Structures are given as C-alpha cells and as structure tokens.
Amino acid sequence: MSLRVLNVDDEPSILAAMGPLLRSRGYEVLTAASGRAALDALEHDKPDLIVLDLGLPDTDGIEIVRLIRDGSATPIIVLSARGKETDKVAALDAGADDYVTKPFGTEELLARVRVALRRTEPPGAPEGVLSCGGLVIDRDRRHVTRDGEEIRLTPKEFDLLVFFAQRPGRVLTHRTILKAIWGPHAVDQPEHLRVLVGSLRRKIERDTARPRYLLSEPWVGYRFAERGQD
Amino acid sequence: MNLSPTSAALVLLLAVLCVAAFGRLWMAMAAAVAATVSLNFFFLPPLGTLTVADPENWVVLLVFLVVAVIGSQLSAAAQSRAREAARGALASTLLASLSHDLRTPLTAIRVAIGNLMDTASDAIRREQGSVALGELDRLTHLFDHIFDMARIDARAIAAERQWVTPADIVDAAVTYAGRSLDTHELTIDAASDTSIHLDPRLVSSALAQLLENAARYSSPSSTIAVRAAVADHEIRISVDDGGPGLSPADMTQLFQPFFRGQAARTIPGTGMGLAIARGLVAAQRGRIWAENRSAGGARFSIAVPAESRPVAVA
C-alpha cells in the first residue's frame with residue numbers, strides 16, 4: 001500500500017501543483033484547506049505524513065502543530081516564509097519534524113519527505129557502524145575514520161557526531177541537541193553547542209569554510225548531510 | 001544698540017527664514033515668535049521690557065510676526081516639495097529597474113512553458129524546463145531584494161538580540177550566500193573567544209550581500225577572504241576580493257540603491273545588494289564602507305556596536 005501524504009494549504013494553486021508531484025513519486029495524496037479540515041483528515045484518513053503550510057487563515061500554524069502532536073506521532077513538515085526563523089524554531093519545538101522555506105524546489109521537498117517518512121521506521125541498533133560519504137563511525141570501538149584515516153575525537157565530540165549521524169537529513173534545533181548531549185539544564189546555553197560544533201567541524205570537515213557533513217541551518221540548528229554532500 | 005528697529009527687524013526676519021529654509025516647520029515657528037519677542041525687548045522703546053510705548057509699534061510687531069510665520073511656512077512647503085521630488089526620482093528609478101528586471105524573466109518563463117506544452121521531444125523539454133527554473137531563481141532573488149528594501153524603507157526591521165560569536169555570523173552568511181560562492185576559494189578567519197549581543201540575522205544578511213557581491217565581481221577561482229573579530233565594543237567584519245578594485249568615481253555612490261558601477265553594468269545584478277547591506281547595518285547603528293587594498297582588489301567592511309563578553313565554555 002502506498003504511503004499517504006496529507007497536504008494542508010489554503011492556496012488551490014499550491015495544492016494543484018503538489019498533488020501531481022507527490023503522486024508521480026508513488027504517494028497517495030490527501031488535501032485540506034484549513035486547520036479544522038486538517039485535524040478531521042488526520043482522524044479519519046490516518047496519513048503517514050503531513051505537509052503543513054504555517055500561514056493558514058483559520059488557525060495559527062504553531063497551534064495546529066501542537067494540536068496534531070497532542071494525539072498523533074505522524075511526521076509533520078511545515079512550509080514557511082524566508083526570514084521567519086522564530087516561527088520555524090517554534091514549530092520544531094512544538095513537534096514538527098522539519099521545515100521547507102517557500103519558494104522551494106521539488107527535489108528539496110521530496111528529499112525532506114523521504115527523511116521525515118524514514119523517522120517512523122524503528123531506530124537503528126545502538127551499536128554498530130554508521131557511515132556517511134567517506135566518514136565511518138564505529139560506535140562499539142568509539143572510533144572514527146574519514147577516507148580510511150583515523151580522526152581523534154574527544155568523548156563529547158564523539159557523542160555529538162553519533163547523535164547527528166543517527167539522524168541524517170533531519171534538522172535538529174539547538175535546544176534538541178543541547179538537551180540530548182548535555183541534559184535538560186543546558187538548553188539555554190547554545191554557546192556550548194557552538195564551541196563543540198566548531199571543534200568537531202575542524203576535525204571531520206575537509207574545508208571548514210564550506211562544511212559537507214555538519215551543515216548549518218542559520219539561527220535554527222544543524223542538519224547532518226544525508227550523504228556527506230551539500 | 002545702534003541698530004535701528006527697522007534694520008533689526010530685517011536681520012531677525014533673515015534669521016527666521018534661515019531656520020525655515022534648513023530646519024523643520026515647528027523650529028521656524030518658534031524662531032518667528034522668539035524674533036518677535038526679541039524685537040520688542042531689545043529694539044522697541046521702552047527697551048529691555050516687553051511693554052510697548054507707541055501703539056503704532058504694536059502694529060509693527062504684529063506685521064513682523066505674520067511675515068515671519070508666512071515666510072517660514074513657504075519655506076517648509078518648498079522643502080517638502082524637494083523631498084517629494086527626490087522620492088519621486090527614486091521611485092522612477094525603481095520602476096525602470098523593476099520593469100526591466102521583471103519583464104525579462106517573465107517573458108522567458110512564458111515562452112519556455114509554451115515550448116514545454118507544445119513539444120514532444122524530451123531533450124527540448126529538459127532544456128526549456130531548466131530555462132524556466134533558472135529565470136525563476138532570478139525572480140526569487142529579485143523578489144528577496146525588493147522585499148528587503150521595502151522592509152528597510154518602512155523601518156520594519158526589529159532587532160532581536162542574542163548572544164553569538166563572530167564565527168556564527170560568518171557561518172550563517174556563508175550558508176545564506178550558498179552556491180554563489182562555489183566558484184571561488186573562501187578563507188575564513190573568525191576564531192574568537194568573545195560573544196556579542198546583537199541581532200545576528202541582520203549582520204549575517206548584510207555580510208551575505210557582501211560575499212555575493214565579491215563572488216560576482218571578481219574572477220572565478222580567485223580568493224575571497226573573510227575576517228571577523230570583536231574589538232572596542234563592536235564586531236568588525238571585512239571581505240577582501242581578488243577583483244579589479246573599485247573606481248574612485250564609483251566609490252561615493254556604491255551604497256546608493258540601483259547604482260551600478262562602470263565595470264558592473266555588464267554583469268547581471270539588481271543594484272540593490274549593497275544598499276540592502278547598508279540598510280541592515282544601519283538598523284543596528286553600524287557602519288559599512290569600501291576601499292581598495294594596496295595589494296589589489298576591494299575590501300568591504302562592516303562594524304556594528306555590541307555588548308560583548310567572554311565565551312562560556314562547557
């Protein structure tokens with residue numbers, strides 16, 4: 001059975017363009033033009049993924065994310081405008097999985113859809129080897145190589161790298177990462193994270209001016225590249 | 001005082017008109033009243049008081065006040081007409097520039113989509129599709145610029161301050177500039193153990209404009225060098241390029257909206273990038289300037305005042 005994507009947008013032209021795009025990649029497409037309709041569709045049609053425009057006329061976008069999250073773990077990708085970083089962070093902290101900035105390209109959207117759908121699969125085993133574009137992370141031996149050459153990381157750098165590599169392609173907010181690596185008391189100290197990301201990048205990136213693995217999402221968080229490319 | 005009341009009145013009137021010519025209307029009105037009081041106090045007998053002996057001098061005072069007020073209003077009206085004219089000139093350059101920059105991509109997209117609908121050849125479809133996408137990227141860029149300019153013009157930029165390091169700002173700017181830097185070597189020197197308190201989005205967006213500018217006006221594979229540091233309660237960022245440098249004639253107008261330098265006219269651009277950078281920096285009481293480096297190439301610099309503190313390391 002094909003996966004069902006619920007597309008929530010009040011603009012008929014966006015729905016008309018997104019439908020054929022998603023269907024051409026084998027998804028079944030449901031639509032809703034308001035927050036109310038989205039919640040009804042969520043209850044009756046049980047979609048596997050929700051693509052939600054944050055600028056709906058009837059309800060505040062962040063509020064819809066919260067309402068969906070109250071009763072469902074369905075992945076949510078929000079669509080928002082450029083420069084609205086605060087909205088993006090609020091949506092992610094409210095439980096959205098990712099965001100795409102309008103206007104977006106089809107490949108970008110489809111990549112995010114694939115990543116978000118993958119989240120519902122059971123997470124990989126806690127041990128074993130993770131790899132990404134030349135970077136190989138051996139979690140049992142706490143050992144990292146890039147193109148066969150060993151990279152020496154501090155324990156914190158290693159933990160951060162593993163946290164990222166387990167979630168390829170997903171945007172992770174500063175808050176989420178701080179909580180996972182330092183614990184809940186550290187969520188308001190983004191400087192810890194920035195310093196650690198800086199030192200990790202100096203070790204794993206070939207060109208720190210243009211990172212290929214650990215990508216920035218300015219003022220939102222970071223994203224670990226899916227295949228070690230930008 | 002040897003000045004006759006008539007000469008004194010004329011001198012005071014001159015002063016009022018000067019204020020009206022260069023100041024605001026309320027300043028001119030205040031000057032008119034002050035001048036009337038001074039004329040009475042210093043020049044109309046009995047001197048040194050605000051009383052008037054000769055009733056005819058009441059008429060003199062009243063006429064003086066009326067003349068001063070009318071003069072100041074005329075002058076204020078002339079000033080506002082001059083401002084309107086300047087705004088009109090800006091609006092018409094904006095219109096001319098928009099009309100060209102919008103029509104070209106819109107025409108190309110229409111034609112390309114027409115071709116897409118008509119042709120059965122896959123090769124032509126792909127080619128026409130990429131023409132349309134390329135022109136849409138251009139329109140998106142133009143739209144972003146117009147939107148930023150409008151926000152700056154409307155003073156709709158609210159600073160949301162947070163603690164960041166110079167490296168964070170450069171990192172975000174490089175991400176914003178994205179693929180436009182792929183053609184160049186990029187070196188970054190932003191290591192710092194100081195955090196600063198400002199709206200990093202504004203500074204990063206301004207820096208991204210400088211980076212895109214550097215990439216556009218210097219030859220591919222030349223080096224763009226970014227330096228960022230905190231000193232004297234401000235963050236200073238400079239962007240050095242390996243281009244031909246700036247012509248002295250262009251230097252004074254570089255940051256004016258829609259200005260395109262001599263050398264820049266052949267390269268596609270909106271003429272808004274540097275004006276946007278200036279607006280974003282000015283919104284945080286910062287400075288932006290350009291100079292030629294003795295080693296060749298141009299250097300663009302930004303300085304924004306900000307509270308600073310040492311980075312707290314875990």
# chains A, B, ... in the order shown; residues from 1 in each chain; ligands from 1
call {"tool": "interface_residues", "arguments": {"of": "chain B", "to": "chain A", "cutoff": "9 Å", "atoms": "only C-alpha atoms", "output": "PyMOL selection string"}}
result
chain B and resi 140+144+163-165+167-169+171-176+186-188+195+200-201+311-314
call {"tool": "write_last_selection", "arguments": {"atoms": "N, CA, C and O atoms", "output": "CSV table (one decimal), in the first residue's frame"}}
result
chain,number,residue,atom,x,y,z
B,140,THR,N,13.2,35.0,-7.9
B,140,THR,CA,13.2,34.9,-6.5
B,140,THR,C,14.2,35.8,-5.8
B,140,THR,O,13.9,36.4,-4.8
B,144,ASP,N,13.4,38.8,-3.2
B,144,ASP,CA,14.1,38.9,-1.9
B,144,ASP,C,14.7,40.3,-1.7
B,144,ASP,O,14.5,40.9,-0.7
B,163,TRP,N,23.0,36.2,22.1
B,163,TRP,CA,24.5,36.1,22.2
B,163,TRP,C,25.0,35.2,21.2
B,163,TRP,O,24.6,34.0,21.1
B,164,VAL,N,26.0,35.7,20.3
B,164,VAL,CA,26.5,34.8,19.3
B,164,VAL,C,28.0,35.1,19.2
B,164,VAL,O,28.5,36.1,19.7
B,165,THR,N,28.8,34.3,18.5
B,165,THR,CA,30.2,34.5,18.3
B,165,THR,C,30.3,35.0,16.8
B,165,THR,O,29.5,34.8,16.0
B,167,ALA,N,32.1,33.8,14.6
B,167,ALA,CA,32.1,32.6,13.7
B,167,ALA,C,30.7,32.2,13.3
B,167,ALA,O,30.4,31.8,12.2
B,168,ASP,N,29.7,32.3,14.3
B,168,ASP,CA,28.3,32.0,14.0
B,168,ASP,C,27.8,32.9,12.9
B,168,ASP,O,27.1,32.5,12.0
B,169,ILE,N,28.2,34.2,12.9
B,169,ILE,CA,27.7,35.2,12.0
B,169,ILE,C,28.2,34.9,10.6
B,169,ILE,O,27.5,34.8,9.6
B,171,ASP,N,29.4,32.0,9.5
B,171,ASP,CA,28.9,30.7,9.2
B,171,ASP,C,27.5,30.8,8.5
B,171,ASP,O,27.2,30.3,7.5
B,172,ALA,N,26.6,31.6,9.2
B,172,ALA,CA,25.3,31.8,8.6
B,172,ALA,C,25.3,32.6,7.3
B,172,ALA,O,24.6,32.2,6.4
B,173,ALA,N,26.2,33.6,7.2
B,173,ALA,CA,26.3,34.3,6.0
B,173,ALA,C,26.7,33.5,4.8
B,173,ALA,O,26.2,33.6,3.7
B,174,VAL,N,27.7,32.6,5.1
B,174,VAL,CA,28.2,31.7,4.0
B,174,VAL,C,27.0,30.7,3.6
B,174,VAL,O,26.8,30.5,2.4
B,175,THR,N,26.2,30.3,4.6
B,175,THR,CA,25.1,29.4,4.3
B,175,THR,C,24.0,30.2,3.4
B,175,THR,O,23.5,29.7,2.5
B,176,TYR,N,23.8,31.5,3.8
B,176,TYR,CA,22.8,32.3,3.0
B,176,TYR,C,23.3,32.5,1.6
B,176,TYR,O,22.6,32.4,0.7
B,186,LEU,N,37.5,30.2,-0.6
B,186,LEU,CA,37.0,31.0,0.5
B,186,LEU,C,37.8,30.8,1.8
B,186,LEU,O,38.1,29.6,2.1
B,187,THR,N,38.4,31.8,2.3
B,187,THR,CA,39.1,31.6,3.6
B,187,THR,C,38.4,32.4,4.7
B,187,THR,O,37.9,33.5,4.4
B,188,ILE,N,38.3,31.8,5.9
B,188,ILE,CA,37.6,32.5,7.0
B,188,ILE,C,38.5,32.6,8.2
B,188,ILE,O,39.1,31.6,8.6
B,195,SER,N,31.8,36.6,22.9
B,195,SER,CA,30.5,36.6,22.3
B,195,SER,C,30.0,38.0,22.3
B,195,SER,O,30.4,38.9,23.0
B,200,PRO,N,21.9,38.7,15.1
B,200,PRO,CA,22.8,38.2,14.1
B,200,PRO,C,22.3,38.0,12.7
B,200,PRO,O,23.0,38.0,11.8
B,201,ARG,N,20.9,37.9,12.6
B,201,ARG,CA,20.4,37.8,11.3
B,201,ARG,C,20.6,39.0,10.4
B,201,ARG,O,20.9,38.8,9.2
B,311,VAL,N,33.3,34.0,25.9
B,311,VAL,CA,32.5,32.8,25.6
B,311,VAL,C,32.6,31.9,26.8
B,311,VAL,O,33.7,31.6,27.3
B,312,ALA,N,31.4,31.4,27.3
B,312,ALA,CA,31.4,30.5,28.4
B,312,ALA,C,31.6,29.1,27.8
B,312,ALA,O,30.8,28.7,27.0
B,313,VAL,N,32.6,28.4,28.2
B,313,VAL,CA,32.9,27.1,27.6
B,313,VAL,C,32.5,26.0,28.6
B,313,VAL,O,32.9,26.1,29.8
B,314,ALA,N,31.9,24.9,28.1
B,314,ALA,CA,31.5,23.8,28.9
B,314,ALA,C,32.7,23.1,29.4
B,314,ALA,O,33.6,22.8,28.7
call {"tool": "select_by_dssp", "arguments": {"residues": "segment 71-196 of chain B", "states": "alpha helix (DSSP H)", "output": "JSON, numbers by chain"}}
result
{"B": [71, 72, 73, 74, 75, 76, 77, 78, 79, 80, 81, 82, 83, 84, 85, 86, 87, 88, 89, 90, 91, 92, 93, 94, 95, 96, 97, 98, 99, 100, 101, 102, 103, 104, 105, 106, 107, 108, 109, 110, 111, 112, 113, 114, 115, 116, 117, 118, 122, 123, 124, 125, 126, 127, 128, 129, 130, 131, 132, 133, 134, 135, 136, 137, 138, 139, 140, 141, 142, 143, 144, 145, 146, 147, 148, 149, 150, 151, 152, 153, 166, 167, 168, 169, 170, 171, 172, 173, 174, 175, 176, 177]}
call {"tool": "atom_distance", "arguments": {"atom1": "atom CA of Asp93 of chain A", "atom2": "atom CA of Pro168 of chain A"}}
result
18.6 Å
call {"tool": "closest_residue", "arguments": {"among": "B:Ala275, B:Ile109, B:Ala306, B:Ala206", "to": "Ser130 of chain B", "atoms": "only C-alpha atoms"}}
result
B:Ile109
call {"tool": "residues_around", "arguments": {"residues": "Ser2 of chain A", "least_positions_apart": "4", "cutoff": "12 Å", "atoms": "only C-alpha atoms", "output": "PyMOL selection string"}}
result
chain A and resi 22-29+47-49
call {"tool": "residues_around", "arguments": {"residues": "Arg119 of chain A", "least_positions_apart": "3", "cutoff": "10 Å", "atoms": "only C-alpha atoms", "output": "PyMOL selection string"}}
result
chain A and resi 74-75+97+114-116+122-123+167+170
call {"tool": "write_last_selection", "arguments": {"atoms": "N, CA and C atoms", "output": "short mmCIF file (atom, residue, chain, number, x, y, z; two decimals), in the first residue's frame"}}
result
data_model
loop_
_atom_site.label_atom_id
_atom_site.label_comp_id
_atom_site.auth_asym_id
_atom_site.auth_seq_id
_atom_site.Cartn_x
_atom_site.Cartn_y
_atom_site.Cartn_z
N THR A 74 2.33 11.32 13.82
CA THR A 74 2.55 11.46 12.38
C THR A 74 3.58 12.55 12.08
N PRO A 75 4.61 12.25 11.27
CA PRO A 75 5.60 13.28 10.95
C PRO A 75 4.97 14.50 10.29
N ASP A 97 8.70 18.01 12.42
CA ASP A 97 9.92 17.27 12.16
C ASP A 97 10.90 18.03 11.30
N ARG A 114 11.11 12.18 2.15
CA ARG A 114 11.70 10.86 2.37
C ARG A 114 12.29 10.75 3.78
N VAL A 115 13.03 11.81 4.19
CA VAL A 115 13.67 11.78 5.50
C VAL A 115 12.62 11.71 6.61
N ALA A 116 11.55 12.51 6.47
CA ALA A 116 10.52 12.55 7.52
C ALA A 116 9.80 11.20 7.62
N PRO A 122 11.64 1.97 12.83
CA PRO A 122 12.31 1.82 14.13
C PRO A 122 13.78 2.28 14.04
N PRO A 123 14.29 2.96 15.08
CA PRO A 123 15.66 3.46 15.03
C PRO A 123 16.66 2.32 14.94
N ARG A 167 20.73 10.62 12.72
CA ARG A 167 19.56 11.36 12.22
C ARG A 167 19.90 12.10 10.93
N ARG A 170 17.93 15.26 8.93
CA ARG A 170 16.91 15.92 9.76
C ARG A 170 17.45 17.19 10.36
#
call {"tool": "residues_around", "arguments": {"residues": "segment 127-139 of chain A", "least_positions_apart": "4", "cutoff": "12 Å", "atoms": "only C-alpha atoms", "output": "number ranges by chain"}}
result
A: 123, 143-153, 155, 158-169, 203-206, 212-214, 224-230
call {"tool": "decode", "arguments": {"residues": "segment 134-217 of chain A", "atoms": "C-alpha atoms", "output": "short mmCIF file (atom, residue, chain, number, x, y, z; two decimals), in the first residue's frame"}}
result
data_model
loop_
_atom_site.label_atom_id
_atom_site.label_comp_id
_atom_site.auth_asym_id
_atom_site.auth_seq_id
_atom_site.Cartn_x
_atom_site.Cartn_y
_atom_site.Cartn_z
CA GLY A 134 33.69 8.68 3.43
CA LEU A 135 33.07 9.15 7.14
CA VAL A 136 32.87 5.87 9.08
CA ILE A 137 31.77 5.89 12.72
CA ASP A 138 32.32 2.68 14.71
CA ARG A 139 30.18 3.06 17.80
CA ASP A 140 31.40 -0.09 19.57
CA ARG A 141 35.05 0.92 19.40
CA ARG A 142 34.28 4.67 19.56
CA HIS A 143 36.46 5.08 16.51
CA VAL A 144 36.04 7.44 13.52
CA THR A 145 37.76 7.45 10.13
CA ARG A 146 37.44 9.67 7.08
CA ASP A 147 38.58 8.08 3.80
CA GLY A 148 40.40 5.46 5.88
CA GLU A 149 42.30 7.96 8.02
CA GLU A 150 41.67 7.94 11.73
CA ILE A 151 40.16 11.07 13.33
CA ARG A 152 40.67 11.50 17.07
CA LEU A 153 37.64 12.95 18.83
CA THR A 154 37.02 13.86 22.45
CA PRO A 155 34.18 11.89 24.14
CA LYS A 156 31.76 14.85 23.79
CA GLU A 157 32.67 15.36 20.12
CA PHE A 158 32.10 11.65 19.53
CA ASP A 159 28.69 11.71 21.26
CA LEU A 160 27.65 14.75 19.20
CA LEU A 161 28.79 13.14 15.93
CA VAL A 162 26.88 9.93 16.71
CA PHE A 163 23.75 11.92 17.64
CA PHE A 164 23.90 13.66 14.25
CA ALA A 165 24.83 10.60 12.20
CA GLN A 166 21.86 8.65 13.61
CA ARG A 167 19.56 11.36 12.22
CA PRO A 168 20.83 12.07 8.70
CA GLY A 169 18.97 14.77 6.77
CA ARG A 170 16.91 15.92 9.76
CA VAL A 171 17.02 19.44 11.09
CA LEU A 172 17.90 19.42 14.79
CA THR A 173 17.27 22.57 16.82
CA HIS A 174 19.90 23.93 19.19
CA ARG A 175 17.54 23.06 22.03
CA THR A 176 17.11 19.43 20.95
CA ILE A 177 20.86 18.87 20.65
CA LEU A 178 21.72 20.64 23.92
CA LYS A 179 19.18 18.52 25.76
CA ALA A 180 20.46 15.27 24.24
CA ILE A 181 24.18 15.92 24.79
CA TRP A 182 24.30 17.99 28.00
CA GLY A 183 20.91 17.33 29.56
CA PRO A 184 17.81 19.48 30.17
CA HIS A 185 19.64 22.01 32.36
CA ALA A 186 21.76 23.11 29.36
CA VAL A 187 19.02 24.08 26.87
CA ASP A 188 19.63 27.81 27.34
CA GLN A 189 23.38 27.66 26.73
CA PRO A 190 23.78 27.50 22.96
CA GLU A 191 27.40 28.62 23.24
CA HIS A 192 28.38 25.13 24.48
CA LEU A 193 26.99 23.66 21.32
CA ARG A 194 28.57 26.27 19.02
CA VAL A 195 32.00 25.70 20.51
CA LEU A 196 31.67 21.91 20.22
CA VAL A 197 30.35 22.08 16.64
CA GLY A 198 33.32 24.31 15.76
CA SER A 199 35.88 21.86 17.12
CA LEU A 200 34.10 18.84 15.59
CA ARG A 201 34.00 20.56 12.19
CA ARG A 202 37.73 21.30 12.35
CA LYS A 203 38.32 17.57 12.72
CA ILE A 204 35.81 15.99 10.33
CA GLU A 205 35.41 18.61 7.56
CA ARG A 206 37.93 18.93 4.74
CA ASP A 207 37.08 22.62 4.26
CA THR A 208 35.63 24.18 7.42
CA ALA A 209 34.60 27.27 5.40
CA ARG A 210 32.27 25.00 3.41
CA PRO A 211 31.15 22.09 5.59
CA ARG A 212 29.93 18.93 3.80
CA TYR A 213 28.78 16.86 6.77
CA LEU A 214 27.66 19.16 9.54
CA LEU A 215 25.50 21.78 7.84
CA SER A 216 24.18 24.95 9.48
CA GLU A 217 20.53 25.92 9.48
#
